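S.K.: To be precise about what I am sending: the file is called input.cif and holds mmCIF, C-alpha atoms.
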data_my_file
#
loop_
_atom_site.label_atom_id
_atom_site.label_comp_id
_atom_site.auth_asym_id
_atom_site.auth_seq_id
_atom_site.Cartn_x
_atom_site.Cartn_y
_atom_site.Cartn_z
CA GLU A 1 -5.27 5.49 33.33
CA LEU A 2 -1.99 6.20 31.55
CA GLU A 3 -1.97 9.71 32.96
CA GLU A 4 -2.57 8.47 36.49
CA ALA A 5 0.18 5.89 36.10
CA GLY A 6 2.61 8.60 35.05
CA LEU A 7 3.19 7.05 31.64
CA VAL A 8 1.84 9.98 29.61
CA GLU A 9 1.54 13.66 30.30
CA ARG A 10 -2.04 14.96 30.16
CA SER A 11 -1.40 17.35 27.27
CA HIS A 12 -0.21 14.50 25.05
CA ALA A 13 -2.53 11.67 26.01
CA ALA A 14 -5.23 12.28 23.43
CA SER A 15 -2.95 12.95 20.47
CA GLY A 16 -0.59 10.01 20.81
CA ARG A 17 2.41 12.36 20.92
CA VAL A 18 4.32 10.99 23.85
CA PRO A 19 7.27 12.82 25.50
CA SER A 20 10.33 11.02 26.69
CA GLY A 21 10.33 9.85 30.28
CA ARG A 22 9.25 6.98 32.53
CA GLY A 23 7.22 4.31 30.75
CA TYR A 24 7.82 5.89 27.34
CA GLU A 25 9.01 2.84 25.43
CA TYR A 26 6.41 0.61 27.09
CA TYR A 27 3.66 2.98 25.98
CA VAL A 28 4.87 3.11 22.39
CA ARG A 29 5.53 -0.59 21.98
CA VAL A 30 2.63 -2.09 23.93
CA LEU A 31 -0.21 0.27 24.81
CA LEU A 32 -0.55 2.57 21.81
CA GLU A 33 -3.39 1.92 19.35
CA PRO A 34 -2.73 2.97 15.73
CA GLU A 35 -4.97 5.63 14.25
CA THR A 36 -7.67 4.60 11.77
CA LEU A 37 -6.99 6.14 8.36
CA THR A 38 -9.93 7.65 6.48
CA GLU A 39 -11.34 5.99 3.38
CA ALA A 40 -10.19 9.00 1.35
CA ALA A 41 -6.62 8.61 2.60
CA LEU A 42 -6.62 4.89 1.84
CA ALA A 43 -8.01 5.51 -1.65
CA GLU A 44 -5.33 8.10 -2.41
CA LEU A 45 -2.67 5.78 -1.04
CA ASP A 46 -3.86 2.95 -3.28
CA ARG A 47 -4.09 5.21 -6.34
CA ARG A 48 -0.57 6.58 -6.01
CA LEU A 49 1.09 3.24 -5.30
CA THR A 50 -0.78 1.37 -8.03
CA HIS A 51 0.14 4.09 -10.53
CA SER A 52 3.82 3.72 -9.59
CA ALA A 53 3.93 -0.08 -9.65
CA ARG A 54 5.45 -0.34 -13.13
CA ASP A 55 8.78 -1.32 -11.57
CA VAL A 56 10.27 -1.80 -8.13
CA GLU A 57 12.29 1.42 -8.04
CA HIS A 58 9.33 3.63 -8.93
CA LEU A 59 7.16 1.86 -6.38
CA LEU A 60 9.65 2.26 -3.53
CA ALA A 61 10.41 5.88 -4.36
CA GLU A 62 6.69 6.71 -4.38
CA ALA A 63 6.18 4.78 -1.13
CA SER A 64 8.81 6.91 0.61
CA ARG A 65 7.23 10.13 -0.73
CA LEU A 66 3.74 9.02 0.24
CA ILE A 67 4.77 8.06 3.78
CA SER A 68 6.51 11.40 4.20
CA SER A 69 3.52 13.42 3.00
CA LEU A 70 1.09 11.52 5.24
CA THR A 71 3.22 11.65 8.40
CA ARG A 72 5.23 14.88 7.95
CA GLN A 73 8.35 12.89 8.81
CA LEU A 74 11.22 11.34 6.83
CA GLY A 75 9.77 8.54 4.70
CA LEU A 76 11.98 5.53 3.89
CA ALA A 77 11.74 2.54 1.57
CA HIS A 78 14.29 -0.15 0.79
CA ALA A 79 14.61 -3.46 -1.01
CA ALA A 80 17.58 -5.71 -1.53
CA SER A 81 19.34 -6.13 -4.84
CA LEU A 82 17.42 -8.10 -7.45
CA ASP A 83 20.63 -9.55 -8.88
CA HIS A 84 19.83 -13.06 -7.69
CA GLU A 85 16.24 -13.04 -8.94
CA VAL A 86 15.51 -15.28 -11.92
CA LEU A 87 14.40 -13.77 -15.21
CA VAL A 88 11.06 -15.39 -16.12
CA GLY A 89 9.85 -13.03 -18.85
CA LEU A 90 11.23 -10.47 -21.29
CA ASP A 91 9.53 -8.05 -23.66
CA LEU A 92 10.72 -5.34 -26.05
CA GLU A 93 8.47 -2.45 -27.01
CA PRO A 94 9.35 0.33 -29.48
CA LEU A 95 9.17 3.86 -28.10
CA ASP A 96 10.39 5.61 -31.23
CA GLY A 97 12.90 4.90 -33.99
CA ARG A 98 15.93 5.19 -31.71
CA ARG A 99 14.52 4.05 -28.37
CA ALA A 100 13.00 0.83 -27.05
CA LEU A 101 11.65 -0.32 -23.70
CA MET A 102 13.02 -3.60 -22.29
CA VAL A 103 10.72 -5.12 -19.66
CA LEU A 104 12.24 -7.78 -17.41
CA ARG A 105 9.84 -9.90 -15.35
CA LEU A 106 11.43 -11.57 -12.35
CA GLY A 107 10.71 -14.58 -10.18
CA ALA A 108 9.72 -12.40 -7.22
CA ALA A 109 6.82 -10.99 -9.27
CA ALA A 110 8.88 -7.82 -9.65
CA VAL A 111 9.48 -5.94 -12.87
CA ARG A 112 12.55 -4.01 -13.94
CA THR A 113 12.36 -1.69 -16.96
CA LEU A 114 15.19 -0.30 -19.08
CA VAL A 115 14.88 2.44 -21.69
CA LEU A 116 17.33 1.48 -24.44
CA GLU A 117 19.00 4.20 -26.54
CA LEU A 118 19.80 2.53 -29.88
CA ASP A 119 22.82 3.55 -31.94
CA SER A 120 20.78 3.34 -35.14
CA PRO A 121 17.03 3.40 -35.93
CA LEU A 122 15.30 0.02 -35.71
CA GLU A 123 11.93 -0.84 -37.21
CA PRO A 124 9.30 -2.43 -34.93
CA ASP A 125 9.36 -5.65 -36.97
CA ALA A 126 13.12 -5.97 -36.53
CA LEU A 127 12.76 -5.33 -32.80
CA ALA A 128 10.10 -8.03 -32.59
CA GLU A 129 12.49 -10.54 -34.17
CA VAL A 130 15.11 -9.85 -31.50
CA CYS A 131 12.78 -10.60 -28.59
CA PRO A 132 12.53 -14.41 -29.02
CA VAL A 133 16.31 -14.62 -29.44
CA LEU A 134 16.84 -12.85 -26.13
CA ARG A 135 14.24 -15.02 -24.42
CA GLU A 136 15.90 -18.20 -25.64
CA ARG A 137 19.32 -17.16 -24.37
CA LEU A 138 18.37 -15.35 -21.16
CA LEU A 139 15.22 -16.74 -19.52
CA GLY A 140 15.73 -18.93 -16.47
CA ARG A 141 18.94 -17.15 -15.46
CA THR A 142 19.58 -14.77 -12.59
CA LEU A 143 20.09 -11.11 -13.42
CA ILE A 144 23.81 -11.48 -12.70
CA GLU A 145 23.96 -14.27 -15.28
CA VAL A 146 21.85 -12.24 -17.70
CA ARG A 147 24.38 -9.40 -17.63
CA GLU A 148 27.25 -11.83 -18.11
CA ARG A 149 25.54 -13.45 -21.09
CA LEU A 150 24.69 -10.10 -22.68
CA ALA A 151 28.37 -9.21 -22.50
CA ALA A 152 29.81 -12.48 -23.79
CA ASP A 153 27.28 -14.64 -25.69
CA PRO A 154 28.20 -14.67 -29.42
CA GLU A 155 24.72 -15.85 -30.38
CA LEU A 156 23.29 -12.53 -29.20
CA VAL A 157 25.34 -10.43 -31.63
CA ARG A 158 25.07 -12.42 -34.83
CA GLY A 159 22.34 -10.21 -36.31
CA SER A 160 22.63 -6.46 -36.62
CA ALA A 161 19.30 -5.82 -34.84
CA ALA A 162 20.21 -8.05 -31.89
CA ARG A 163 23.62 -6.41 -31.73
CA LEU A 164 22.01 -2.96 -31.46
CA VAL A 165 19.70 -4.07 -28.67
CA VAL A 166 22.40 -5.88 -26.69
CA ARG A 167 24.79 -2.93 -26.98
CA ALA A 168 22.09 -0.54 -25.75
CA ALA A 169 21.16 -2.85 -22.88
CA MET A 170 24.76 -3.13 -21.73
CA ALA A 171 25.24 0.64 -21.93
CA ARG A 172 22.13 1.18 -19.82
CA TRP A 173 22.63 -1.69 -17.41
CA GLY A 174 26.16 -2.98 -17.67
CA ASP A 175 26.98 -3.09 -13.96
CA PRO A 176 25.16 -4.50 -10.94
CA ALA A 177 22.66 -1.93 -9.68
CA PRO A 178 21.36 -2.87 -6.24
CA LEU A 179 18.34 -0.94 -5.10
CA THR A 180 19.12 1.84 -2.68
CA LEU A 181 17.49 3.23 0.44
CA PHE A 182 14.91 5.71 -0.87
CA SER A 183 14.12 8.66 1.37
CA ALA A 184 11.78 11.65 1.12
CA GLY A 185 10.91 14.53 3.41
CA ILE A 186 14.22 16.00 4.51
CA ALA A 187 12.44 19.33 4.97
CA HIS A 188 10.09 17.72 7.49
CA MET A 189 13.08 16.41 9.45
CA ALA A 190 14.69 19.86 9.43
CA GLU A 191 11.51 21.41 10.88
CA GLN A 192 11.66 19.27 14.02
CA PRO A 193 12.94 21.17 17.09
CA GLU A 194 15.25 18.28 18.00
CA PHE A 195 17.08 18.57 14.68
CA MET A 196 17.30 22.32 14.16
CA ASP A 197 21.00 22.18 15.03
CA ALA A 198 22.72 21.89 11.65
CA MET A 199 25.47 19.55 12.84
CA ARG A 200 23.02 17.15 14.45
CA LEU A 201 20.76 17.13 11.40
CA GLY A 202 23.74 16.69 9.09
CA SER A 203 24.97 13.62 10.95
CA ILE A 204 21.53 12.01 10.77
CA LEU A 205 21.18 12.72 7.06
CA ARG A 206 24.63 11.26 6.38
CA ALA A 207 23.55 8.08 8.15
CA VAL A 208 20.44 7.95 5.95
CA GLU A 209 22.45 8.62 2.80
CA SER A 210 24.87 5.77 3.53
CA GLY A 211 21.92 3.39 3.82
CA GLN A 212 23.68 1.02 6.21
CA PRO A 213 22.94 -0.24 8.77
CA LEU A 214 19.60 1.57 8.65
CA ASP A 215 18.38 -0.69 5.86
CA ARG A 216 19.07 -3.79 7.98
CA TRP A 217 17.34 -2.31 11.03
CA MET A 218 14.29 -1.55 8.89
CA ALA A 219 13.96 -5.11 7.63
CA ALA A 220 14.86 -6.82 10.92
CA SER A 221 11.37 -6.78 12.44
CA VAL A 222 8.64 -9.39 12.05
CA GLU A 223 7.44 -9.50 8.45
CA GLY A 224 4.05 -8.08 7.63
CA GLN A 225 3.52 -5.73 10.57
CA ALA A 226 4.65 -2.30 11.66
CA ALA A 227 7.20 -2.17 14.48
CA VAL A 228 8.83 0.60 16.53
CA GLN A 229 12.48 1.02 17.49
CA VAL A 230 12.96 3.83 20.00
CA GLY A 231 16.52 5.15 19.96
CA VAL A 232 17.70 3.56 16.73
CA GLY A 233 20.86 1.53 17.17
CA GLY A 234 21.53 2.90 20.65
CA ALA A 235 24.40 5.12 19.46
CA PRO A 236 24.73 8.56 17.81
CA PRO A 237 23.57 9.98 15.50
CA LEU A 238 20.32 7.96 15.36
CA ALA A 239 19.98 7.26 19.10
CA GLU A 240 17.76 10.33 19.43
CA CYS A 241 15.44 9.09 16.67
CA SER A 242 12.68 6.54 16.45
CA LEU A 243 12.21 4.19 13.51
CA VAL A 244 8.78 2.82 12.60
CA SER A 245 9.21 0.15 9.93
CA PHE A 246 7.30 -2.56 8.11
CA ALA A 247 9.32 -5.55 6.89
CA LEU A 248 7.94 -6.67 3.53
CA PRO A 249 6.81 -10.31 3.50
CA GLY A 250 7.59 -12.58 0.57
CA SER A 251 10.66 -13.04 -1.60
CA VAL A 252 11.58 -9.34 -1.87
CA TRP A 253 13.72 -8.59 1.19
CA GLY A 254 13.12 -5.00 2.25
CA ALA A 255 10.96 -2.58 4.23
CA VAL A 256 9.20 0.77 4.32
CA GLY A 257 9.20 3.11 7.28
CA VAL A 258 9.57 6.47 9.00
CA LEU A 259 12.51 8.03 10.78
CA GLY A 260 11.74 10.90 13.12
CA PRO A 261 12.06 12.31 16.63
CA ARG A 262 11.11 10.21 19.63
CA ARG A 263 8.05 12.36 20.29
CA MET A 264 6.47 11.72 16.86
CA ASP A 265 2.74 11.03 16.48
CA TYR A 266 3.06 7.25 16.73
CA ALA A 267 -0.65 6.55 16.33
CA ARG A 268 -0.63 8.24 12.93
CA VAL A 269 2.77 6.95 11.83
CA LEU A 270 2.01 3.32 12.71
CA ALA A 271 -1.24 3.45 10.73
CA VAL A 272 0.42 4.97 7.65
CA VAL A 273 3.44 2.65 7.66
CA ASP A 274 1.23 -0.41 8.11
CA ALA A 275 -1.12 0.62 5.27
CA VAL A 276 1.68 1.51 2.85
CA GLY A 277 3.67 -1.61 3.75
CA ASN A 278 0.74 -3.92 3.12
CA ARG A 279 -0.08 -2.30 -0.23
CA VAL A 280 3.54 -2.31 -1.41
CA SER A 281 3.79 -5.98 -0.45
CA ASP A 282 0.62 -6.79 -2.42
CA LEU A 283 1.94 -5.01 -5.51
CA LEU A 284 5.38 -6.61 -5.34
CA GLN A 285 3.81 -10.05 -5.18
CA GLY A 286 1.42 -9.40 -8.04
#
Would it be possible to restate this file's structure as structure tokens?
M.R.:
Amino acid sequence: ELEEAGLVERSHAASGRVPSGRGYEYYVRVLLEPETLTEAALAELDRRLTHSARDVEHLLAEASRLISSLTRQLGLAHAASLDHEVLVGLDLEPLDGRRALMVLRLGAAAVRTLVLELDSPLEPDALAEVCPVLRERLLGRTLIEVRERLAADPELVRGSAARLVVRAAMARWGDPAPLTLFSAGIAHMAEQPEFMDAMRLGSILRAVESGQPLDRWMAASVEGQAAVQVGVGGAPPLAECSLVSFALPGSVWGAVGVLGPRRMDYARVLAVVDAVGNRVSDLLQG
């Protein structure tokens, strides 16, 4: 029926790869049915994301790599800064005599981890004594406030062990560190006929590297479902691209998605982005 209506060329109808032309956007946005992923693909997706869920950055980076490998396009993942999230839990674990792992549990059910390089060796018992001091002074505060208190609270530097830990934490995490736009699969983008021109590809990659406003476009769709934007932003360099994105529901503002040519395999891409987005959302919310 689509062929007879002139919406899809015969050679592309079965695959879901739709050329530009009359009825193109209507087909992509309304008529296209996402592909059904195999059980093996879903199992591998779940394994890789669950394994990377130790903190938000690892999870998003792996999500972008996974999306890229499953779609052969540029995979994207983004979440907003956690600076305004409230610290609800804190743990310190020894790694060796000169290193410790600080685990920060946040109100959005997210976790941020810091590997602390200590100036002097610290015994596990001494490290354990520092943990309740940090909890007393830091829990219930936003991460911005946590950094400020680490830098200025005299109670946190009274003991030598606490002083070592605080100094290492500030050296590792002294400035605000908003999460960035993670991307993977530049080689896949370069293989597309539309982007074989070096100048055109370079302008697209610079737009991805800057992160803005691509991050806002990714998260602007309805939460909890994959959406398509054909001709991203309506102006160069992304006007010749399509963006398939999944806005993450819940308290973590962000999204996962794919950036590629307009003629991408939407049936496949929609299925992958939807599956990865739902699993990332589940993991972020515990």
S.K.: Can you turn the PyMOL selection byres ((chain A and resi 229-245) around 9) into a concrete residue list for this file, as a PyMOL selection string?
M.R.: chain A and resi 25+28-29+76+194+200-201+203-204+207+213-214+217-219+221+225-228+246-247+255-264+266+269-270+273-274+277
S.K.: Output C-alpha atoms of each residue in that selection to a file, as a PDB file, keeping the file's coordinate frame.
M.R.:
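Once everything was written out, this is selection.pdb:
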ATOM      1  CA  GLU A  25       9.010   2.840  25.430  1.00  0.00           C
ATOM      2  CA  VAL A  28       4.870   3.110  22.390  1.00  0.00           C
ATOM      3  CA  ARG A  29       5.530  -0.590  21.980  1.00  0.00           C
ATOM      4  CA  LEU A  76      11.980   5.530   3.890  1.00  0.00           C
ATOM      5  CA  GLU A 194      15.250  18.280  18.000  1.00  0.00           C
ATOM      6  CA  ARG A 200      23.020  17.150  14.450  1.00  0.00           C
ATOM      7  CA  LEU A 201      20.760  17.130  11.400  1.00  0.00           C
ATOM      8  CA  SER A 203      24.970  13.620  10.950  1.00  0.00           C
ATOM      9  CA  ILE A 204      21.530  12.010  10.770  1.00  0.00           C
ATOM     10  CA  ALA A 207      23.550   8.080   8.150  1.00  0.00           C
ATOM     11  CA  PRO A 213      22.940  -0.240   8.770  1.00  0.00           C
ATOM     12  CA  LEU A 214      19.600   1.570   8.650  1.00  0.00           C
ATOM     13  CA  TRP A 217      17.340  -2.310  11.030  1.00  0.00           C
ATOM     14  CA  MET A 218      14.290  -1.550   8.890  1.00  0.00           C
ATOM     15  CA  ALA A 219      13.960  -5.110   7.630  1.00  0.00           C
ATOM     16  CA  SER A 221      11.370  -6.780  12.440  1.00  0.00           C
ATOM     17  CA  GLN A 225       3.520  -5.730  10.570  1.00  0.00           C
ATOM     18  CA  ALA A 226       4.650  -2.300  11.660  1.00  0.00           C
ATOM     19  CA  ALA A 227       7.200  -2.170  14.480  1.00  0.00           C
ATOM     20  CA  VAL A 228       8.830   0.600  16.530  1.00  0.00           C
ATOM     21  CA  PHE A 246       7.300  -2.560   8.110  1.00  0.00           C
ATOM     22  CA  ALA A 247       9.320  -5.550   6.890  1.00  0.00           C
ATOM     23  CA  ALA A 255      10.960  -2.580   4.230  1.00  0.00           C
ATOM     24  CA  VAL A 256       9.200   0.770   4.320  1.00  0.00           C
ATOM     25  CA  GLY A 257       9.200   3.110   7.280  1.00  0.00           C
ATOM     26  CA  VAL A 258       9.570   6.470   9.000  1.00  0.00           C
ATOM     27  CA  LEU A 259      12.510   8.030  10.780  1.00  0.00           C
ATOM     28  CA  GLY A 260      11.740  10.900  13.120  1.00  0.00           C
ATOM     29  CA  PRO A 261      12.060  12.310  16.630  1.00  0.00           C
ATOM     30  CA  ARG A 262      11.110  10.210  19.630  1.00  0.00           C
ATOM     31  CA  ARG A 263       8.050  12.360  20.290  1.00  0.00           C
ATOM     32  CA  MET A 264       6.470  11.720  16.860  1.00  0.00           C
ATOM     33  CA  TYR A 266       3.060   7.250  16.730  1.00  0.00           C
ATOM     34  CA  VAL A 269       2.770   6.950  11.830  1.00  0.00           C
ATOM     35  CA  LEU A 270       2.010   3.320  12.710  1.00  0.00           C
ATOM     36  CA  VAL A 273       3.440   2.650   7.660  1.00  0.00           C
ATOM     37  CA  ASP A 274       1.230  -0.410   8.110  1.00  0.00           C
ATOM     38  CA  GLY A 277       3.670  -1.610   3.750  1.00  0.00           C
TER      39      GLY A 277
END
S.K.: Pick from A:Leu70, A:Ala79, A:Val133, A:Leu101: nearest to Asp265 of chain A, with all atoms listed in the file counted?
M.R.: A:Leu70
S.K.: Closest to Arg141 of chain A among A:Ala63, A:Glu44, A:Trp253, A:Leu90, using all atoms listed in the file?
M.R.: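 Ranked by minimum distance to Arg141 of chain A, first place goes to A:Leu90.
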S.K.: Name the residues in contact with Ser69 of chain A at a cut-off of 12 Å, using all atoms listed in the file, excluding same-chain residues fewer than 2 positions from it; report them as number ranges by chain.
M.R.: A: 41, 44-45, 62-67, 71-76, 183-189, 258, 268-269, 272-273
S.K.: Determine the residue membership of the PyMOL selection byres ((chain A and resi 170) around 12) for the file above and supply it as a list in words.
M.R.: Met102, Leu114, Val115, Leu116, Glu117, Leu118, Val146, Arg147, Glu148, Arg149, Leu150, Ala151, Ala152, Arg163, Leu164, Val165, Val166, Arg167, Ala168, Ala169, Ala171, Arg172, Trp173, Gly174, Asp175 and Pro176 of chain A
S.K.: Can you work out which one of A:Leu139, A:Ala198, A:Ala80, A:Leu284 has the shortest atom-to-atom distance to Leu104 of chain A, counting only C-alpha atoms?
M.R.: A:Leu139
